Amino acid sequence: MKLSRRTTAATAAALAAIALGAAGCSASGSAAGTADDPITLTVTTFGTMGLDDLYTEYESENPGIKIEATNIDTGGNAKTDWQTKQAAGAGLPDVQAVEEGWLSAVMQVSDQFTDLSDYGAKDISDQWVDWKVKQATDSNGRIIGYGTDIGPEGLCYNSTLFAEAGLPTDRDEVAALFGGDDATWADYFALGEKYHAATGKAWYDQSGFIWNAMVNQQPEGYYTSDGELNIEDNSDLKELWGELAGGAAAGLSSGQTQWDWGKGKAFTDGSFATFVCPGWMLGVVKGQVEAAGGDATTGWDFANVFPGGPANWGGTFLTVPTQSKHPKEAAALAEWLTEAKQQAAAFTVAGTFPSNIEAQSDPAVTGTNDLATFFNDAPLGTILAERSKGVVAQYKGPDDSVIQEQVFGPSALSLDSGTDGQAAWDNAIGLLDQLVVNK
Amino acid sequence: MTATITPQVTSPKPDAAPRPAPKRTFRQRLNRWDVKYSPYAYVAPFFILFGLVGLFPLGYTFVVSLNNWNLLTGPGEWVGLGNFAAELSDPFFWNSLFNTVSIFFLSAVPQLIAAVFIAAVLDQNLRAKTFWRMSVLIPYVVTPVAVTLIFSSAFSEKYGLINNILEAVNLDPVMWKTDVFPSHIAIATMVNWRWTGYNALILLAAMQAVPRDIHESAALDGAGQFRRFFSITLPSIRPTMIFVIITATIGGLQIFTEPKLFNPTVSTPGGNDRQYQTTVLYLWDLAFNRQSFGKASAVAWLLFLLIVLFGVLNFLISRRIASTEARVVKRRSAKALARSRAEAELTSGFVPGVEPQLADHPHHTEENR
C-alpha cells in the first residue's frame, strides 16, 4: 500500500517536474570513481556555510570525486527547493543540507533519506554534542543526518553607537551591563529605552528576530515535547510577546526588512545598535556590512551575553537522500565535511559554530581569523562555546516553520508599524486557527 | 445527398450471394491506408502532446483536489468536493482573487491606452523607424525575474530610488511593499513596463494594415489628425484590440513571478498580510509552504474555471462587436446592390444571380474579416 502510494505520487510529481523543466539528472551510475572517470557528487547548501574551500580540498584528496555545489540564499528558499524536488521524486542532490527549522518536515518522509548507520554513523556518533545526534534520529532509530553547525546566540552590538550614547564599549563591560549570566529581556528593553532617550535611534533591527530568539530559548516552543501544539494558552510566550510589543511601542525597533536591511545599509548607517547573533549570523553581519561599503571600523562587536539565557537558533545537518545514485560516496563526503578539522575550517570562514565537540576547542575556532578581526578581534569561538553551554534544542513540530513565518511573522512585523501588542497577538492566534489548527 | 442513398444500395448485400471482394495487392492496401489513416498520424503529435501535458495533468489535478493530499506524504483521505468548499469559504482565497483582479485592471487599462498611443506615434513617418520599433520591444526581451529584481529595489521602502526621490522633493515616502494599493501599483508597473511595447507592436501591425487611401480621402475631406485617429484608425484595429485584450486577461489572471519576487525576503509569499498575494501565488503557498496539495489543486481548478468564464465573456463581447461590424457592412452592401439592381433593371429588366449573392453576403464579410 505504502509503496503504490509513493509510486502514484512519484508519477504525478515526475510530470510536474517535466512541466517545470526542472528535472535534474544525476550522473550515470558507475562502480567507483577514478581520476579519469570521476563520480560527480551534487551538494546543495544554503546561507553562509563556509564549505566552498573544503570541496576543493576533498576533490584533491579524492581524485575519483568531483563536487558540484549549489548554494541557495536562505534556509526558507532551500526548504522550498528541497520540498519541490522531494515531492517530484527527482532532482535532489547527493548531499542535501537540512536546517533544524524544517527538520520536522524532513522527518515526515525520513524513509526517503539514507540511514547513515549503514555507513558507520553509530561508530562516530559520539563526536557530536548528544542532542544534535538525537535530532537527526528518526522514530525508527535511523540516523539520517550528520550535524554541521549549531546556533548558540550571543549579542552583536555596535561599539561606535554605544560610545555615542555614553554606554560602555568594552565587550566584557557590555556583557556585564546586560546582566551577564542573569541577563533578562526586561533588562535588554530597559537599556534600549535608555539608548533611545539618549540618541533617538532604534535599539534593534526589527521585532521578528527578537521574537524568534525568545521562542527558541524556551524549553518548549510552539509545541510541547510530546508534539502537542501549545500557543494559545502558553502564558510564557504571551508574556514575552507583551515585552516585545512594549519595546516596539517605545520606538526600539528600526522596522527593517529582515534578510534585506536595505542591502546592508542599515548595518552601517546607525539604524540600530544591537543585533541577535547566532554563530552563523556573524558571517551574515560581515557580509551585509561589506555589501554596504563598511568594514571593521563600522564598529560591530560581539558580547558574551544573551538576554533570557542560553538560546539556540538553527543549525544544519548534511543528509543523503535515497534518490542519490552514490549513497556510499555521498555519505563519505558528508562524514568528512562534518569532521572536527573541517567544521573548524568552516567556522573560520562563516562563523558556523561546530556541533563537533572536538572542533569546539580547536585552535582554529578559539583563535583569531578574518571574521574575528571584523568583530574587533573578539574571541568568537571562545564566546560561542560559552554561549552554547546550557543550550538544549527544543522539539520542533511539523508546522513549526509555518507558525514562525506565516503566523507570527506578520504579527511581529505589525508591531514594528505600531499595532498594539494584544491586537497583534489576537491576529496571530486567528492566523494559527486558519493556517494550522483547521487546515 | 449521396450519403443517404448509398446505404440503401448496399443494404441487400448480406442476402445476396457473397461476391468475392476484389483482391487488392499489398501496395494497393497500403495506398488505401495511407489515404484513410495517415492524416490522423499527421495531427497526432499535437494531440498526444496536449493529452500528455495538458489534458492528463488537468484530470490528475482534479483527482488530487478530491483528496486530503499532502505534498510530501501523498494522498490522504478522500474528501470529495470538501477542498473546493473550504477554499470558497476561505478569506485568503477571496483576498487573492481581489488582488489578482485589482492588479489586472491596474495593468491592463493603462497598458492598452499607452500601447495604442505608442503604436499611433510609430505609425507616423518617423526617421529610423526600425530603431524605434525595436526599442519599444526591448523591455519584453528582459526576463521577468530581472525586471522584478530591478523594480523591487527601486520600490524598496527605506532605501529605494523612488522613495529617495519623493523624500528629496519633501513628499512622504510611499509604503510600496506594505500598503495594499501602492503594492498593486508597483506590481502593475512592472507588468506594464514589460508588456506595453509588445502590445504596441501588435497594434502597430494592425494600424499598418489600414488602407492609406481612406486616410487620404478623409484628410482631403478636412478631417484632422485626431479625427482620423478616432474615426478611422481605432475602429479598423478593433479585432486586434480584442486579441490583445484576451491575451492580457489570461496573462493577468495567471500573474506569479512579479508578486513572488517583489519582496523575496518576506516569509509569507505576497506580502506579510498577503497585500499582493495573487491567486497563483496563493496556490503555490498552499502547495509548497503549507503542504496542502489537495487544496492547492482545488484552487488551480477554480482558477481554471474562472479563466474559462473570462474567456467566454470575452468571446461574447467580441462576437457582439464583430456582428455590429457585419451589420454595418451588410447594410452598406445592400444599398450598393439596390443601386446596381436598379441600373441592371434599366438595361435588361432581368437580374440573374442577385438573390443568391445577397444571401451569401453575411458569410462573405465574415470570411473577409
# chains A, B, ... in the order shown; residues from 1 in each chain; ligands from 1
>>> closest_atom_pairs(of="chain B", to="chain A", cutoff="7 Å", atoms="only C-alpha atoms", output="Markdown table")
| residue | atom | partner | partner_atom | distance |
| --- | --- | --- | --- | --- |
| B:Leu71 | CA | A:Ala87 | CA | 6.1 |
| B:Leu72 | CA | A:Ala87 | CA | 5.5 |
| B:Thr73 | CA | A:Val109 | CA | 6.7 |
| B:Gly74 | CA | A:Ala9 | CA | 5.9 |
| B:Lys158 | CA | A:Gly262 | CA | 6.8 |
| B:Tyr159 | CA | A:Gly262 | CA | 5.7 |
| B:Thr265 | CA | A:Trp259 | CA | 5.9 |
| B:Ser267 | CA | A:Glu405 | CA | 5.1 |
| B:Thr268 | CA | A:Gln406 | CA | 5.4 |
| B:Asn272 | CA | A:Pro410 | CA | 4.9 |
| B:Asp273 | CA | A:Pro410 | CA | 6.2 |
| B:Phe288 | CA | A:Thr80 | CA | 6.5 |
| B:Arg290 | CA | A:Val402 | CA | 6.9 |
>>> residues_around(residues="A:Gly287", least_positions_apart="5", cutoff="9 Å", atoms="only C-alpha atoms", output="list in words")
Gly264, Leu282 and Ala292 of chain A
>>> write_last_selection(atoms="N, CA and C atoms", output="mmCIF file, in the first residue's frame")
data_model
loop_
_atom_site.group_PDB
_atom_site.id
_atom_site.type_symbol
_atom_site.label_atom_id
_atom_site.label_comp_id
_atom_site.auth_asym_id
_atom_site.auth_seq_id
_atom_site.Cartn_x
_atom_site.Cartn_y
_atom_site.Cartn_z
ATOM 1 N N GLY A 264 22.143 45.957 3.289
ATOM 2 C CA GLY A 264 23.235 46.106 4.243
ATOM 3 C C GLY A 264 23.389 47.511 4.806
ATOM 4 N N LEU A 282 27.096 35.677 12.321
ATOM 5 C CA LEU A 282 28.262 36.559 12.302
ATOM 6 C C LEU A 282 28.744 36.773 10.869
ATOM 7 N N ALA A 292 27.434 47.058 2.031
ATOM 8 C CA ALA A 292 27.078 48.476 2.092
ATOM 9 C C ALA A 292 28.325 49.352 2.140
#
>>> select_by_dssp(residues="stretch 115-258 of chain A", states="strand (DSSP E)", output="list in words")
Gly145, Tyr146, Gly147, Thr148, Asp149, Ile150, Gly151, Pro152, Glu153, Gly154, Leu155, Cys156, Tyr157 and Asn158 of chain A
>>> write_last_selection(atoms="C-alpha atoms", output="mmCIF file, in the first residue's frame")
data_model
loop_
_atom_site.group_PDB
_atom_site.id
_atom_site.type_symbol
_atom_site.label_atom_id
_atom_site.label_comp_id
_atom_site.auth_asym_id
_atom_site.auth_seq_id
_atom_site.Cartn_x
_atom_site.Cartn_y
_atom_site.Cartn_z
ATOM 1 C CA GLY A 145 21.935 13.366 9.040
ATOM 2 C CA TYR A 146 25.402 14.388 10.174
ATOM 3 C CA GLY A 147 25.456 17.594 12.215
ATOM 4 C CA THR A 148 27.424 20.538 10.919
ATOM 5 C CA ASP A 149 26.861 23.662 12.978
ATOM 6 C CA ILE A 150 24.724 24.688 15.913
ATOM 7 C CA GLY A 151 23.448 28.178 16.550
ATOM 8 C CA PRO A 152 24.260 29.401 20.070
ATOM 9 C CA GLU A 153 23.263 33.040 20.270
ATOM 10 C CA GLY A 154 25.312 35.958 21.538
ATOM 11 C CA LEU A 155 24.745 39.682 21.248
ATOM 12 C CA CYS A 156 26.192 41.741 18.419
ATOM 13 C CA TYR A 157 26.480 45.418 19.271
ATOM 14 C CA ASN A 158 27.861 48.468 17.552
#
>>> residues_around(residues="A:Gly247", least_positions_apart="2", cutoff="9 Å", atoms="only C-alpha atoms", output="ChimeraX atom specification")
/A:189-190,192-193,207,242-245,249-253
>>> residues_around(residues="stretch 380-385 of chain A", least_positions_apart="5", cutoff="9 Å", atoms="only C-alpha atoms", output="list in words")
Gly151, Pro152, Glu153, Gly154, Pro278, Gly279, Phe302, Ala303, Asn304, Val305, Phe347, Gly351, Phe353, Gln360, Ser361, Asp362, Pro363, Ala364, Val365, Thr366, Gly367, Thr368, Leu371, Ala372 and Phe375 of chain A
>>> residues_around(residues="stretch 129-139 of chain A", least_positions_apart="4", cutoff="9 Å", atoms="only C-alpha atoms", output="PyMOL selection string")
chain A and resi 100+103+107+110-111+125+143-147+150+315+317+355-357+392-393+395
>>> select_by_dssp(residues="stretch 170-391 of chain A", states="alpha helix (DSSP H)", output="number ranges by chain")
A: 171-178, 185-199, 207-216, 235-249, 265-268, 279-291, 327-337, 340-350, 357-360, 363-366, 370-374, 380-387
>>> residues_around(residues="B:Met190", least_positions_apart="4", cutoff="8 Å", atoms="only C-alpha atoms", output="PyMOL selection string")
chain B and resi 147-148+151+186+194+258
>>> atom_distance(atom1="atom CA of A:Val289", atom2="atom CA of A:Gly308")
27.0 Å
>>> atom_distance(atom1="atom CA of B:Leu81", atom2="atom CA of B:Leu66")
5.8 Å
>>> residues_around(residues="A:Ile210", least_positions_apart="6", cutoff="9 Å", atoms="only C-alpha atoms", output="list in words")
Tyr204, Leu244, Phe275 and Val276 of chain A
>>> closest_residue(among="A:Asp301, A:Asp400, A:Asp36, A:Glu339", to="A:Ile124", atoms="only C-alpha atoms")
A:Glu339
